[in-house]
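All remarks here apply to the structure that follows.
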Amino acid sequence: MTAPGTPDPALPDTQHFDLTALPGPARYKLLTATVVPRPIAWVSTRGADGHVNLAPYSFFGLMGSDPPVVAFAPGDRPDGTPKDTALNIGAGGEFTVNLVSAALAQTMNASATDFPHGYAEPAALGIALVPGVQVGVPRVAGAPAALECREVQTLLIGRTRIILGEVLGLTLRADAVQDPQRHHVDTAALDLVGRMGGRGTYTLTRDTFAIDRVSFETWQNRQTQD
């Protein structure tokens, strides 16, 4: 047994980073290279002038199901002003999270261009939209899945803005719905992509594997059998 305070030779060497002492760019590089893969929220919103804004965010995740809540973090522009996504949600409260398939990856990336305030990315890039069902914000026509949301709360922690939204409705491409009565979805058919690292690196979601989750009783039985 290793004495207290003595490194265990069976454990891998580690390198600790004090994030409270590092500048923002360093924290970003470390965290985005570590927390992977990250799903992509391709968020559509409507401005007060009626123009539809569309931008991708990989600081995004599903936070629960009762009620269903998503969270994403739109950053600010270099001058410190909020990006159009945050401004539009603050004005209207509604947004749609379009999930990104491999076929849409290039188009999604193009919409990440730093367009001027008020610029309508879908119109500029020729991205087809269709009306929402439960919100007044359209979705990307080619997206394999879209979550229609209403803002619940926006948190500001330092320069980090976290928008929480209740998911009111879900639209799925028909070929990915295996059994609508039993709510079975063919996830692989969605062919979604995720973010790896910082700018420009992505991953596919086709290479999956399954691990069964066992009950405590089953776990106990296995211990006695070993």
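Going by the structure tokens order, chains are called A, B, ..., each with residues numbered from 1, while ligands are numbered from 1 in the order shown.
For Gly158 of chain A, the residues within 12 Å (counting only C-alpha atoms, excluding itself and residues fewer than 3 positions away along the chain) are Gly24, Gly75, Asp76, Gly80, Leu155, Arg161 and Ile162 of chain A.
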Residues of the last selection are to be written out with N, CA, C and O atoms, as an mmCIF file, in the first residue's frame.
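Done, and the output landed in selection.cif:
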```cif
data_model
loop_
_atom_site.group_PDB
_atom_site.id
_atom_site.type_symbol
_atom_site.label_atom_id
_atom_site.label_comp_id
_atom_site.auth_asym_id
_atom_site.auth_seq_id
_atom_site.Cartn_x
_atom_site.Cartn_y
_atom_site.Cartn_z
ATOM 1 N N GLY A 24 -8.566 34.234 -20.188
ATOM 2 C CA GLY A 24 -9.670 33.623 -20.901
ATOM 3 C C GLY A 24 -9.286 32.738 -22.073
ATOM 4 O O GLY A 24 -9.782 31.609 -22.196
ATOM 5 N N GLY A 75 -21.752 33.859 -26.762
ATOM 6 C CA GLY A 75 -20.775 34.845 -26.304
ATOM 7 C C GLY A 75 -21.096 36.231 -26.820
ATOM 8 O O GLY A 75 -22.082 36.460 -27.527
ATOM 9 N N ASP A 76 -20.246 37.167 -26.474
ATOM 10 C CA ASP A 76 -20.399 38.550 -26.918
ATOM 11 C C ASP A 76 -19.504 38.826 -28.120
ATOM 12 O O ASP A 76 -18.590 38.059 -28.438
ATOM 13 N N GLY A 80 -17.790 43.653 -26.731
ATOM 14 C CA GLY A 80 -18.511 43.410 -25.499
ATOM 15 C C GLY A 80 -20.015 43.448 -25.618
ATOM 16 O O GLY A 80 -20.715 43.144 -24.642
ATOM 17 N N LEU A 155 -28.924 33.632 -17.438
ATOM 18 C CA LEU A 155 -27.997 33.860 -16.336
ATOM 19 C C LEU A 155 -26.751 34.553 -16.852
ATOM 20 O O LEU A 155 -26.215 34.202 -17.906
ATOM 21 N N ARG A 161 -22.822 34.190 -20.556
ATOM 22 C CA ARG A 161 -24.278 34.306 -20.615
ATOM 23 C C ARG A 161 -24.850 32.921 -20.912
ATOM 24 O O ARG A 161 -24.521 32.307 -21.929
ATOM 25 N N ILE A 162 -25.699 32.418 -20.036
ATOM 26 C CA ILE A 162 -26.314 31.105 -20.218
ATOM 27 C C ILE A 162 -27.812 31.292 -20.396
ATOM 28 O O ILE A 162 -28.489 31.828 -19.510
#
```
Check: Which residues in chain A does DSSP call strand (DSSP E)? List them as an MDAnalysis selection string.
Finding: chainID A and resid 38:39 41:46 52:57 60:65 68:72 94:99 129:130 139:140 145:157 160:172 177:179 184:185 193:195 202:204
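Among the candidates A:Gly132, A:Pro116, A:Pro144, A:Gly194, the one nearest to Phe59 of chain A when counting only C-alpha atoms is A:Gly194.
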Next item on the list: Extract, using only C-alpha atoms, all DNA, RNA and protein residues at most 9 Å from Ala110 of chain A, discarding same-chain residues fewer than 5 positions from it, and format them as JSON, numbers by chain.
Entry: {"A": [105, 121, 125]}
Those residues you just picked out, can you put them in a file as a PDB file, in the first residue's frame with N, CA, C and O atoms?
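Generated file (selection_26.pdb):
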```
ATOM      1  N   ALA A 105     -22.930  20.296 -42.267  1.00  0.00           N
ATOM      2  CA  ALA A 105     -21.798  20.826 -41.504  1.00  0.00           C
ATOM      3  C   ALA A 105     -21.163  22.043 -42.182  1.00  0.00           C
ATOM      4  O   ALA A 105     -20.845  23.038 -41.526  1.00  0.00           O
ATOM      5  N   GLU A 121     -28.497  35.681 -41.843  1.00  0.00           N
ATOM      6  CA  GLU A 121     -27.644  34.622 -42.385  1.00  0.00           C
ATOM      7  C   GLU A 121     -28.384  33.681 -43.341  1.00  0.00           C
ATOM      8  O   GLU A 121     -27.837  33.314 -44.389  1.00  0.00           O
ATOM      9  N   LEU A 125     -26.975  33.117 -47.113  1.00  0.00           N
ATOM     10  CA  LEU A 125     -26.364  31.830 -47.451  1.00  0.00           C
ATOM     11  C   LEU A 125     -27.301  30.893 -48.201  1.00  0.00           C
ATOM     12  O   LEU A 125     -26.925  29.774 -48.537  1.00  0.00           O
TER      13      LEU A 125
END
```
Check: Which parts of segment 4-220 of chain A does DSSP call helix (DSSP H, G or I) when run on the backbone here, written out as a PyMOL selection string?
Finding: chain A and resi 19-21+24-34+84-92+102-110+121-125+174-176+187-190+216-220
Next item on the list: Rounded to one decimal place, report the atom CA of Arg46 of chain A-atom CA of Val137 of chain A distance in Å.
Entry: 6.0 Å
Next item on the list: Identify, on the basis of only C-alpha atoms, every residue whose closest approach to Ala48 of chain A does not exceed 8 Å; exclude the query and any residue fewer than 4 positions from it along the same chain; express the result as a ChimeraX atom specification.
Entry: /A:88,91-92
Next item on the list: Could you check how far atom CA of Val193 of chain A sits from atom CA of Tyr57 of chain A, in Å to one decimal?
Entry: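 Here the two named atoms are 12.5 Å from each other.
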